[in-house]
Every structure is written in C-alpha cells, then in structure tokens.
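Raw contents of data07.cif, mmCIF, N, CA and C atoms:
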```
data_target
loop_
_atom_site.label_atom_id
_atom_site.label_comp_id
_atom_site.auth_asym_id
_atom_site.auth_seq_id
_atom_site.Cartn_x
_atom_site.Cartn_y
_atom_site.Cartn_z
N MET R 1 23.20 -11.35 -1.64
CA MET R 1 23.29 -9.91 -1.73
C MET R 1 24.74 -9.53 -2.05
N GLU R 2 24.92 -8.76 -3.09
CA GLU R 2 26.26 -8.37 -3.47
C GLU R 2 26.65 -7.06 -2.80
N HIS R 3 27.93 -6.88 -2.57
CA HIS R 3 28.43 -5.66 -1.96
C HIS R 3 28.70 -4.64 -3.05
N LEU R 4 28.21 -3.43 -2.86
CA LEU R 4 28.40 -2.34 -3.81
C LEU R 4 29.27 -1.28 -3.14
N PRO R 5 30.60 -1.36 -3.30
CA PRO R 5 31.51 -0.50 -2.54
C PRO R 5 31.50 0.97 -2.95
N THR R 6 31.12 1.26 -4.20
CA THR R 6 31.14 2.65 -4.65
C THR R 6 29.84 2.99 -5.36
N THR R 7 29.64 4.28 -5.53
CA THR R 7 28.45 4.75 -6.24
C THR R 7 28.46 4.26 -7.68
N GLU R 8 29.61 4.26 -8.31
CA GLU R 8 29.70 3.82 -9.72
C GLU R 8 29.34 2.35 -9.88
N VAL R 9 29.77 1.51 -8.95
CA VAL R 9 29.42 0.09 -8.99
C VAL R 9 27.91 -0.07 -8.82
N ALA R 10 27.32 0.73 -7.93
CA ALA R 10 25.87 0.67 -7.73
C ALA R 10 25.12 1.11 -8.99
N VAL R 11 25.61 2.14 -9.67
CA VAL R 11 24.97 2.59 -10.91
C VAL R 11 25.05 1.50 -11.97
N THR R 12 26.18 0.80 -12.05
CA THR R 12 26.33 -0.30 -13.00
C THR R 12 25.31 -1.40 -12.70
N ALA R 13 25.11 -1.71 -11.42
CA ALA R 13 24.12 -2.73 -11.03
C ALA R 13 22.70 -2.27 -11.40
N LEU R 14 22.41 -0.98 -11.24
CA LEU R 14 21.08 -0.47 -11.60
C LEU R 14 20.87 -0.47 -13.11
N ARG R 15 21.92 -0.22 -13.88
CA ARG R 15 21.81 -0.32 -15.34
C ARG R 15 21.50 -1.76 -15.76
N ALA R 16 22.13 -2.72 -15.10
CA ALA R 16 21.86 -4.14 -15.40
C ALA R 16 20.41 -4.49 -15.06
N LEU R 17 19.90 -3.95 -13.95
CA LEU R 17 18.49 -4.18 -13.59
C LEU R 17 17.55 -3.58 -14.64
N ALA R 18 17.88 -2.39 -15.11
CA ALA R 18 17.05 -1.75 -16.13
C ALA R 18 17.01 -2.60 -17.39
N ASP R 19 18.16 -3.15 -17.79
CA ASP R 19 18.21 -4.04 -18.96
C ASP R 19 17.37 -5.29 -18.73
N ARG R 20 17.50 -5.88 -17.54
CA ARG R 20 16.78 -7.11 -17.23
C ARG R 20 15.27 -6.92 -17.28
N TYR R 21 14.79 -5.78 -16.81
CA TYR R 21 13.35 -5.53 -16.76
C TYR R 21 12.84 -4.69 -17.94
N GLY R 22 13.70 -4.41 -18.89
CA GLY R 22 13.29 -3.67 -20.08
C GLY R 22 12.81 -2.26 -19.78
N ARG R 23 13.51 -1.58 -18.90
CA ARG R 23 13.13 -0.22 -18.51
C ARG R 23 14.18 0.78 -18.98
N GLU R 24 13.70 1.96 -19.31
CA GLU R 24 14.63 3.03 -19.63
C GLU R 24 15.25 3.52 -18.33
N ILE R 25 16.47 4.03 -18.43
CA ILE R 25 17.15 4.54 -17.25
C ILE R 25 17.87 5.82 -17.62
N GLU R 26 17.79 6.79 -16.72
CA GLU R 26 18.50 8.05 -16.91
C GLU R 26 19.34 8.29 -15.66
N VAL R 27 20.62 8.54 -15.85
CA VAL R 27 21.54 8.71 -14.72
C VAL R 27 22.25 10.05 -14.85
N THR R 28 22.30 10.78 -13.74
CA THR R 28 23.11 11.99 -13.66
C THR R 28 24.05 11.84 -12.46
N HIS R 29 25.23 12.43 -12.58
CA HIS R 29 26.25 12.31 -11.54
C HIS R 29 26.59 13.68 -10.98
N ASP R 30 26.80 13.75 -9.68
CA ASP R 30 27.34 14.92 -9.01
C ASP R 30 28.63 14.46 -8.34
N ILE R 31 29.75 15.03 -8.75
CA ILE R 31 31.05 14.61 -8.23
C ILE R 31 31.75 15.83 -7.65
N GLY R 32 32.22 15.67 -6.44
CA GLY R 32 32.93 16.74 -5.76
C GLY R 32 32.14 17.26 -4.56
N ALA R 33 32.85 17.69 -3.54
CA ALA R 33 32.20 18.15 -2.31
C ALA R 33 31.33 19.36 -2.55
N ASP R 34 31.66 20.17 -3.56
CA ASP R 34 30.85 21.36 -3.84
C ASP R 34 29.59 21.01 -4.63
N GLN R 35 29.45 19.77 -5.10
CA GLN R 35 28.30 19.37 -5.91
C GLN R 35 27.31 18.45 -5.17
N THR R 36 27.80 17.67 -4.22
CA THR R 36 26.94 16.69 -3.56
C THR R 36 26.07 17.36 -2.51
N SER R 37 24.89 16.82 -2.32
CA SER R 37 23.87 17.46 -1.49
C SER R 37 24.19 17.49 -0.01
N ARG R 38 24.91 16.53 0.49
CA ARG R 38 25.16 16.46 1.93
C ARG R 38 26.41 17.21 2.36
N ARG R 39 27.04 17.90 1.45
CA ARG R 39 28.26 18.63 1.80
C ARG R 39 28.06 20.12 1.60
N THR R 40 26.99 20.62 2.17
CA THR R 40 26.67 22.04 2.01
C THR R 40 27.68 22.94 2.71
N ALA R 41 28.44 22.39 3.67
CA ALA R 41 29.43 23.18 4.38
C ALA R 41 30.74 23.32 3.61
N ALA R 42 30.84 22.66 2.45
CA ALA R 42 32.07 22.76 1.66
C ALA R 42 32.23 24.20 1.18
N GLY R 43 33.42 24.70 1.30
CA GLY R 43 33.68 26.07 0.90
C GLY R 43 33.62 26.24 -0.62
N VAL R 44 33.66 27.47 -1.05
CA VAL R 44 33.62 27.77 -2.48
C VAL R 44 34.89 27.24 -3.13
N GLY R 45 34.73 26.46 -4.19
CA GLY R 45 35.86 25.92 -4.92
C GLY R 45 36.48 24.68 -4.29
N VAL R 46 35.93 24.21 -3.17
CA VAL R 46 36.46 23.02 -2.51
C VAL R 46 35.75 21.80 -3.11
N THR R 47 36.50 20.91 -3.72
CA THR R 47 35.88 19.75 -4.36
C THR R 47 36.16 18.44 -3.66
N THR R 48 37.16 18.40 -2.80
CA THR R 48 37.51 17.14 -2.13
C THR R 48 37.09 17.17 -0.66
N ASP R 49 36.94 16.00 -0.10
CA ASP R 49 36.71 15.87 1.33
C ASP R 49 38.03 16.10 2.05
N PRO R 50 38.00 16.27 3.38
CA PRO R 50 39.26 16.46 4.11
C PRO R 50 40.29 15.35 3.89
N ASP R 51 39.81 14.12 3.59
CA ASP R 51 40.75 13.02 3.36
C ASP R 51 41.30 13.00 1.93
N GLY R 52 40.88 13.93 1.10
CA GLY R 52 41.39 14.02 -0.27
C GLY R 52 40.56 13.30 -1.31
N SER R 53 39.49 12.63 -0.90
CA SER R 53 38.65 11.89 -1.85
C SER R 53 37.59 12.79 -2.47
N LEU R 54 37.12 12.37 -3.64
CA LEU R 54 36.04 13.07 -4.33
C LEU R 54 34.72 12.36 -4.05
N PRO R 55 33.80 12.98 -3.33
CA PRO R 55 32.51 12.32 -3.11
C PRO R 55 31.72 12.25 -4.41
N HIS R 56 30.98 11.16 -4.59
CA HIS R 56 30.24 10.90 -5.82
C HIS R 56 28.80 10.55 -5.47
N GLU R 57 27.86 11.32 -5.98
CA GLU R 57 26.44 11.10 -5.77
C GLU R 57 25.80 10.91 -7.14
N ALA R 58 24.86 9.98 -7.24
CA ALA R 58 24.19 9.72 -8.52
C ALA R 58 22.69 9.78 -8.35
N HIS R 59 22.01 10.28 -9.37
CA HIS R 59 20.56 10.33 -9.41
C HIS R 59 20.12 9.44 -10.57
N VAL R 60 19.28 8.46 -10.27
CA VAL R 60 18.86 7.48 -11.27
C VAL R 60 17.34 7.51 -11.37
N GLU R 61 16.83 7.60 -12.59
CA GLU R 61 15.39 7.59 -12.79
C GLU R 61 15.04 6.47 -13.78
N PHE R 62 14.07 5.63 -13.39
CA PHE R 62 13.63 4.52 -14.22
C PHE R 62 12.34 4.90 -14.92
N GLY R 63 12.20 4.47 -16.18
CA GLY R 63 10.97 4.68 -16.92
C GLY R 63 9.95 3.60 -16.58
N GLY R 64 8.71 3.82 -16.92
CA GLY R 64 7.65 2.84 -16.69
C GLY R 64 7.02 2.99 -15.33
N LEU R 65 6.14 2.03 -15.03
CA LEU R 65 5.45 2.03 -13.73
C LEU R 65 5.95 0.88 -12.89
N PRO R 66 6.16 1.04 -11.64
CA PRO R 66 5.99 2.27 -10.89
C PRO R 66 7.10 3.27 -11.22
N ARG R 67 6.79 4.54 -11.02
CA ARG R 67 7.80 5.58 -11.22
C ARG R 67 8.79 5.48 -10.06
N VAL R 68 10.04 5.26 -10.39
CA VAL R 68 11.07 5.06 -9.37
C VAL R 68 12.25 5.98 -9.64
N ARG R 69 12.67 6.67 -8.58
CA ARG R 69 13.88 7.48 -8.63
C ARG R 69 14.77 7.05 -7.47
N VAL R 70 16.06 6.96 -7.74
CA VAL R 70 17.03 6.54 -6.73
C VAL R 70 18.11 7.61 -6.65
N ARG R 71 18.43 7.99 -5.42
CA ARG R 71 19.52 8.93 -5.19
C ARG R 71 20.56 8.21 -4.35
N LEU R 72 21.70 7.91 -4.95
CA LEU R 72 22.79 7.19 -4.28
C LEU R 72 23.76 8.20 -3.67
N PHE R 73 23.94 8.10 -2.37
CA PHE R 73 24.81 9.03 -1.66
C PHE R 73 26.20 8.42 -1.46
N PRO R 74 27.22 9.26 -1.27
CA PRO R 74 28.57 8.75 -1.05
C PRO R 74 28.73 7.99 0.27
N GLU R 75 27.81 8.17 1.20
CA GLU R 75 27.91 7.55 2.52
C GLU R 75 27.32 6.15 2.58
N ASP R 76 27.23 5.44 1.46
CA ASP R 76 26.76 4.05 1.40
C ASP R 76 25.27 3.89 1.68
N ASP R 77 24.47 4.90 1.42
CA ASP R 77 23.03 4.75 1.56
C ASP R 77 22.35 5.40 0.36
N ALA R 78 21.03 5.25 0.32
CA ALA R 78 20.28 5.76 -0.82
C ALA R 78 18.90 6.23 -0.37
N LEU R 79 18.32 7.09 -1.17
CA LEU R 79 16.94 7.53 -1.02
C LEU R 79 16.21 7.02 -2.25
N ILE R 80 15.19 6.19 -2.04
CA ILE R 80 14.41 5.65 -3.15
C ILE R 80 13.02 6.26 -3.09
N ASP R 81 12.59 6.83 -4.20
CA ASP R 81 11.26 7.43 -4.31
C ASP R 81 10.42 6.52 -5.21
N VAL R 82 9.34 5.98 -4.65
CA VAL R 82 8.44 5.09 -5.39
C VAL R 82 7.09 5.79 -5.49
N GLU R 83 6.74 6.24 -6.67
CA GLU R 83 5.45 6.90 -6.88
C GLU R 83 5.21 8.04 -5.88
N GLY R 84 6.26 8.79 -5.56
CA GLY R 84 6.12 9.92 -4.64
C GLY R 84 6.30 9.57 -3.18
N VAL R 85 6.48 8.30 -2.85
CA VAL R 85 6.72 7.87 -1.48
C VAL R 85 8.23 7.75 -1.29
N GLU R 86 8.79 8.58 -0.41
CA GLU R 86 10.24 8.56 -0.19
C GLU R 86 10.61 7.51 0.85
N CYS R 87 11.57 6.68 0.48
CA CYS R 87 12.10 5.64 1.37
C CYS R 87 13.56 6.00 1.65
N PRO R 88 13.84 6.70 2.76
CA PRO R 88 15.21 7.15 3.03
C PRO R 88 16.04 6.08 3.72
N ASP R 89 17.34 6.30 3.72
CA ASP R 89 18.30 5.49 4.47
C ASP R 89 18.29 4.01 4.10
N ILE R 90 18.12 3.71 2.83
CA ILE R 90 18.23 2.33 2.35
C ILE R 90 19.73 2.05 2.15
N PRO R 91 20.27 1.02 2.76
CA PRO R 91 21.69 0.71 2.53
C PRO R 91 21.95 0.47 1.03
N ARG R 92 23.06 0.99 0.54
CA ARG R 92 23.37 0.88 -0.89
C ARG R 92 23.34 -0.56 -1.37
N ASP R 93 23.78 -1.50 -0.54
CA ASP R 93 23.79 -2.91 -0.94
C ASP R 93 22.38 -3.48 -1.09
N ASP R 94 21.37 -2.88 -0.46
CA ASP R 94 19.99 -3.35 -0.55
C ASP R 94 19.20 -2.76 -1.72
N VAL R 95 19.76 -1.75 -2.39
CA VAL R 95 19.02 -1.07 -3.45
C VAL R 95 18.61 -2.02 -4.59
N PRO R 96 19.50 -2.87 -5.14
CA PRO R 96 19.06 -3.77 -6.21
C PRO R 96 17.94 -4.72 -5.76
N ALA R 97 18.04 -5.26 -4.55
CA ALA R 97 17.00 -6.17 -4.04
C ALA R 97 15.68 -5.42 -3.85
N PHE R 98 15.74 -4.20 -3.37
CA PHE R 98 14.55 -3.36 -3.20
C PHE R 98 13.85 -3.17 -4.55
N LEU R 99 14.64 -2.82 -5.57
CA LEU R 99 14.07 -2.59 -6.91
C LEU R 99 13.54 -3.87 -7.54
N ARG R 100 14.24 -4.99 -7.34
CA ARG R 100 13.73 -6.26 -7.86
C ARG R 100 12.37 -6.59 -7.25
N SER R 101 12.20 -6.35 -5.95
CA SER R 101 10.90 -6.58 -5.30
C SER R 101 9.81 -5.72 -5.92
N LEU R 102 10.15 -4.47 -6.22
CA LEU R 102 9.17 -3.58 -6.86
C LEU R 102 8.82 -4.07 -8.27
N PHE R 103 9.85 -4.33 -9.06
CA PHE R 103 9.63 -4.69 -10.46
C PHE R 103 9.03 -6.08 -10.63
N ASP R 104 9.26 -6.99 -9.68
CA ASP R 104 8.68 -8.33 -9.74
C ASP R 104 7.27 -8.38 -9.16
N GLY R 105 6.78 -7.27 -8.62
CA GLY R 105 5.42 -7.23 -8.08
C GLY R 105 5.29 -7.78 -6.67
N LEU R 106 6.39 -7.91 -5.94
CA LEU R 106 6.35 -8.42 -4.58
C LEU R 106 5.98 -7.35 -3.55
N ALA R 107 6.24 -6.09 -3.87
CA ALA R 107 5.92 -4.99 -2.96
C ALA R 107 4.41 -4.79 -2.94
N TYR R 108 3.90 -4.39 -1.78
CA TYR R 108 2.47 -4.16 -1.64
C TYR R 108 2.21 -3.01 -0.68
N VAL R 109 0.96 -2.57 -0.63
CA VAL R 109 0.54 -1.51 0.28
C VAL R 109 -0.36 -2.14 1.32
N LYS R 110 0.01 -1.95 2.58
CA LYS R 110 -0.77 -2.48 3.68
C LYS R 110 -1.68 -1.38 4.22
N ALA R 111 -2.97 -1.68 4.30
CA ALA R 111 -3.93 -0.71 4.82
C ALA R 111 -4.21 -1.00 6.28
N ARG R 112 -4.30 0.06 7.06
CA ARG R 112 -4.64 -0.07 8.47
C ARG R 112 -5.96 0.66 8.69
N ARG R 113 -6.90 0.00 9.39
CA ARG R 113 -8.22 0.59 9.58
C ARG R 113 -8.24 1.67 10.66
N PHE R 114 -7.61 1.38 11.82
CA PHE R 114 -7.64 2.38 12.87
C PHE R 114 -6.29 2.47 13.56
N PRO R 115 -5.70 3.60 13.67
CA PRO R 115 -6.07 4.79 12.91
C PRO R 115 -5.79 4.55 11.44
N PRO R 116 -6.59 5.14 10.58
CA PRO R 116 -6.44 4.87 9.15
C PRO R 116 -5.05 5.27 8.64
N GLY R 117 -4.51 4.41 7.81
CA GLY R 117 -3.20 4.70 7.24
C GLY R 117 -2.78 3.63 6.25
N TYR R 118 -1.79 3.94 5.47
CA TYR R 118 -1.25 3.03 4.46
C TYR R 118 0.26 2.97 4.61
N PHE R 119 0.82 1.79 4.33
CA PHE R 119 2.26 1.60 4.38
C PHE R 119 2.72 0.84 3.15
N LEU R 120 3.78 1.32 2.51
CA LEU R 120 4.41 0.59 1.43
C LEU R 120 5.33 -0.44 2.07
N VAL R 121 5.14 -1.71 1.73
CA VAL R 121 5.93 -2.80 2.29
C VAL R 121 6.72 -3.44 1.15
N VAL R 122 8.04 -3.43 1.29
CA VAL R 122 8.92 -3.98 0.26
C VAL R 122 9.74 -5.11 0.89
N PRO R 123 9.50 -6.37 0.46
CA PRO R 123 10.29 -7.49 0.99
C PRO R 123 11.74 -7.42 0.52
N LEU R 124 12.65 -7.75 1.44
CA LEU R 124 14.07 -7.79 1.14
C LEU R 124 14.61 -9.18 1.49
N PRO R 125 15.77 -9.55 0.97
CA PRO R 125 16.33 -10.87 1.30
C PRO R 125 16.56 -11.02 2.80
N GLY R 126 16.54 -12.26 3.26
CA GLY R 126 16.79 -12.55 4.66
C GLY R 126 15.59 -12.27 5.54
N ASP R 127 14.39 -12.45 5.03
CA ASP R 127 13.16 -12.24 5.79
C ASP R 127 13.08 -10.84 6.39
N ARG R 128 13.57 -9.87 5.67
CA ARG R 128 13.47 -8.48 6.10
C ARG R 128 12.48 -7.75 5.20
N THR R 129 11.90 -6.68 5.72
CA THR R 129 11.03 -5.83 4.91
C THR R 129 11.35 -4.38 5.22
N HIS R 130 11.06 -3.53 4.25
CA HIS R 130 11.15 -2.09 4.47
C HIS R 130 9.73 -1.56 4.42
N LYS R 131 9.32 -0.84 5.47
CA LYS R 131 7.98 -0.27 5.55
C LYS R 131 8.09 1.24 5.57
N GLU R 132 7.25 1.87 4.77
CA GLU R 132 7.25 3.33 4.72
C GLU R 132 5.81 3.83 4.74
N PHE R 133 5.51 4.80 5.60
CA PHE R 133 4.18 5.37 5.69
C PHE R 133 3.84 6.12 4.41
N ILE R 134 2.58 5.99 3.96
CA ILE R 134 2.11 6.68 2.76
C ILE R 134 0.98 7.62 3.17
N PRO R 135 1.16 8.93 3.01
CA PRO R 135 0.02 9.83 3.25
C PRO R 135 -1.10 9.51 2.26
N MET R 136 -2.33 9.58 2.72
CA MET R 136 -3.47 9.18 1.90
C MET R 136 -3.54 9.97 0.58
N ILE R 137 -3.12 11.24 0.60
CA ILE R 137 -3.21 12.05 -0.61
C ILE R 137 -2.17 11.65 -1.66
N VAL R 138 -1.18 10.85 -1.27
CA VAL R 138 -0.13 10.43 -2.20
C VAL R 138 -0.48 9.10 -2.88
N LEU R 139 -1.57 8.47 -2.49
CA LEU R 139 -1.93 7.16 -3.02
C LEU R 139 -2.24 7.26 -4.52
N THR R 140 -1.30 6.85 -5.35
CA THR R 140 -1.44 6.90 -6.80
C THR R 140 -2.18 5.65 -7.28
N PRO R 141 -2.60 5.61 -8.54
CA PRO R 141 -3.26 4.41 -9.04
C PRO R 141 -2.41 3.15 -8.91
N TRP R 142 -1.09 3.25 -9.14
CA TRP R 142 -0.21 2.09 -9.00
C TRP R 142 -0.22 1.59 -7.54
N LEU R 143 -0.10 2.52 -6.60
CA LEU R 143 -0.11 2.15 -5.18
C LEU R 143 -1.49 1.59 -4.78
N SER R 144 -2.55 2.22 -5.24
CA SER R 144 -3.91 1.78 -4.90
C SER R 144 -4.18 0.36 -5.38
N ALA R 145 -3.59 -0.01 -6.50
CA ALA R 145 -3.80 -1.34 -7.07
C ALA R 145 -3.10 -2.43 -6.23
N ARG R 146 -2.23 -2.04 -5.30
CA ARG R 146 -1.49 -3.01 -4.50
C ARG R 146 -1.90 -3.02 -3.03
N VAL R 147 -3.07 -2.44 -2.71
CA VAL R 147 -3.53 -2.39 -1.33
C VAL R 147 -4.03 -3.78 -0.91
N ARG R 148 -3.60 -4.21 0.28
CA ARG R 148 -4.05 -5.47 0.87
C ARG R 148 -4.76 -5.18 2.16
#
```

Show the structure stored in the file as structure tokens.
Amino acid sequence: MEHLPTTEVAVTALRALADRYGREIEVTHDIGADQTSRRTAAGVGVTTDPDGSLPHEAHVEFGGLPRVRVRLFPEDDALIDVEGVECPDIPRDDVPAFLRSLFDGLAYVKARRFPPGYFLVVPLPGDRTHKEFIPMIVLTPWLSARVR
C-alpha cells in the first residue's frame, strides 16, 4: 500500500488506475477554505486555513460500470460512491486498493435473510474488508449481479 500524502498525489494515482483499466476519468478540483465542503465556517473571502495552507478537495468520476465517484478530502479521507452506495471515511491511502477490488471484480454483495438486508463488501489488502449497508431500493443491476 502506497502512502498518498496529498490530494494531488491521490488524483495522480487514480488517473493511473483509470489508464490501467481503460476507463474514462473526469476530475474537478476545489482549492481554498471558501471552496471545500468541510470548511463551511470559513468567512467570506477567506481561502486559507488558520495555519496558512490551502485545503484541496477533488471530485473524481470514472466512466463505465460500476459507476464510481470519489471525493477526496483534505483531511486524508475519501467518500466513494459505488452505484449510489456511499462508502464514507475511507482512508486516502486505501482508495486505490478499494477501486482495484471493484474493477477486478473482487467486490461482492452479501445478502442477509433475517432481517433482510444487503451489504457491499470490498476486500482490502491485509485481510481487511470494507462493508457498507445497501438499501434494497438502491440495488442496481450491477450490484444485483454480485449478490452472494
């Protein structure tokens, strides 16, 4: 697992993944405390954090199936949306491994009979997994095809 110290380094790693898997990628950047989503308390015209740094947030959208959107936050975490299922608080360093699991077909949907429910399960390096609850109405054809 490689360390991704900044948002820009993470975007570069995601561009390399898009090339490797032959997917289109669209990236938009929000730079400055007045632009990033988690700094709503920033005053009008204030662009830097109290320490003088410029926070950098990126929104990345991949083409193809599954539909994947990644929001990289300045605080070293990310929100990954897979077919409408939001996976919050993914460490920035785990984002490439998470996406490789999706694109390689290792991710699956686990069905539970009682109480009924579905979970997106994404294997990560080091015998770790990320599990996210899927509301039944969000089950898309891509997700349905991976139910175990």

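Restricting the calculation to all atoms listed in the file, the smallest distance between Asp77 of chain R and any of R:Ala18, R:Val60, R:Val121, R:Ile90 is found for R:Ile90.
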
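Using only N, CA and C atoms, the shortest contact distance between Phe98 of chain R and any of R:His59, R:Leu124, R:Asp76, R:His29 is found at R:Leu124.
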
- Message: Using DSSP assignments from the backbone, pull out every residue in chain R that falls under helix (DSSP H, G or I) and give it to me as a ChimeraX atom specification.
- Response: /R:7-21,92-103,136-138,141-144

- Query: Residues picked by the PyMOL selection byres ((chain R and resi 97) around 8) here, as number ranges by chain?
  - Reply: R: 1-2, 92-96, 98-103, 122-125

- Item | Shell around Leu120 of chain R at 8 Å using all atoms listed in the file, local window under 3 positions removed, as JSON, numbers by chain | {"R": [107, 108, 109, 110, 111, 117, 123, 129, 130, 131, 132, 133, 134]}

- Return as a VMD selection string the set of residues that the PyMOL selection byres (((chain R and resi 58 and name CA) around 7) and name CA) yields on the displayed structure. chain R and resid 7 27 to 30 56 to 57 59 to 60 71 to 73

- Task: Using all atoms listed in the file, determine which residues lie at most 6 Å from segment 61-65 of chain R, disregarding the query and same-chain residues fewer than 4 positions distant; provide the list as a VMD selection string.
- Result: chain R and resid 23 to 27 69 to 70

Residue neighbourhood Leu139 of chain R, 8 Å, all atoms listed in the file, exclusion window fewer than 6 positions, as a PDB file with N, CA and C atoms, keeping the file's coordinate frame:
```
ATOM      1  N   GLU R  83       6.740   6.240  -6.670  1.00  0.00           N
ATOM      2  CA  GLU R  83       5.450   6.900  -6.880  1.00  0.00           C
ATOM      3  C   GLU R  83       5.210   8.040  -5.880  1.00  0.00           C
ATOM      4  N   GLY R  84       6.260   8.790  -5.560  1.00  0.00           N
ATOM      5  CA  GLY R  84       6.120   9.920  -4.640  1.00  0.00           C
ATOM      6  C   GLY R  84       6.300   9.570  -3.180  1.00  0.00           C
ATOM      7  N   ALA R 145      -3.590  -0.010  -6.500  1.00  0.00           N
ATOM      8  CA  ALA R 145      -3.800  -1.340  -7.070  1.00  0.00           C
ATOM      9  C   ALA R 145      -3.100  -2.430  -6.230  1.00  0.00           C
TER      10      ALA R 145
END
```

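Interatomic distance, atom N of Val138 of chain R against atom CA of Val85 of chain R: 8.4 Å.
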
- Message: Could you tell me how far atom CA of Asp104 of chain R sits from atom C of Leu17 of chain R, in Å to one decimal place?
- Response: 11.2 Å
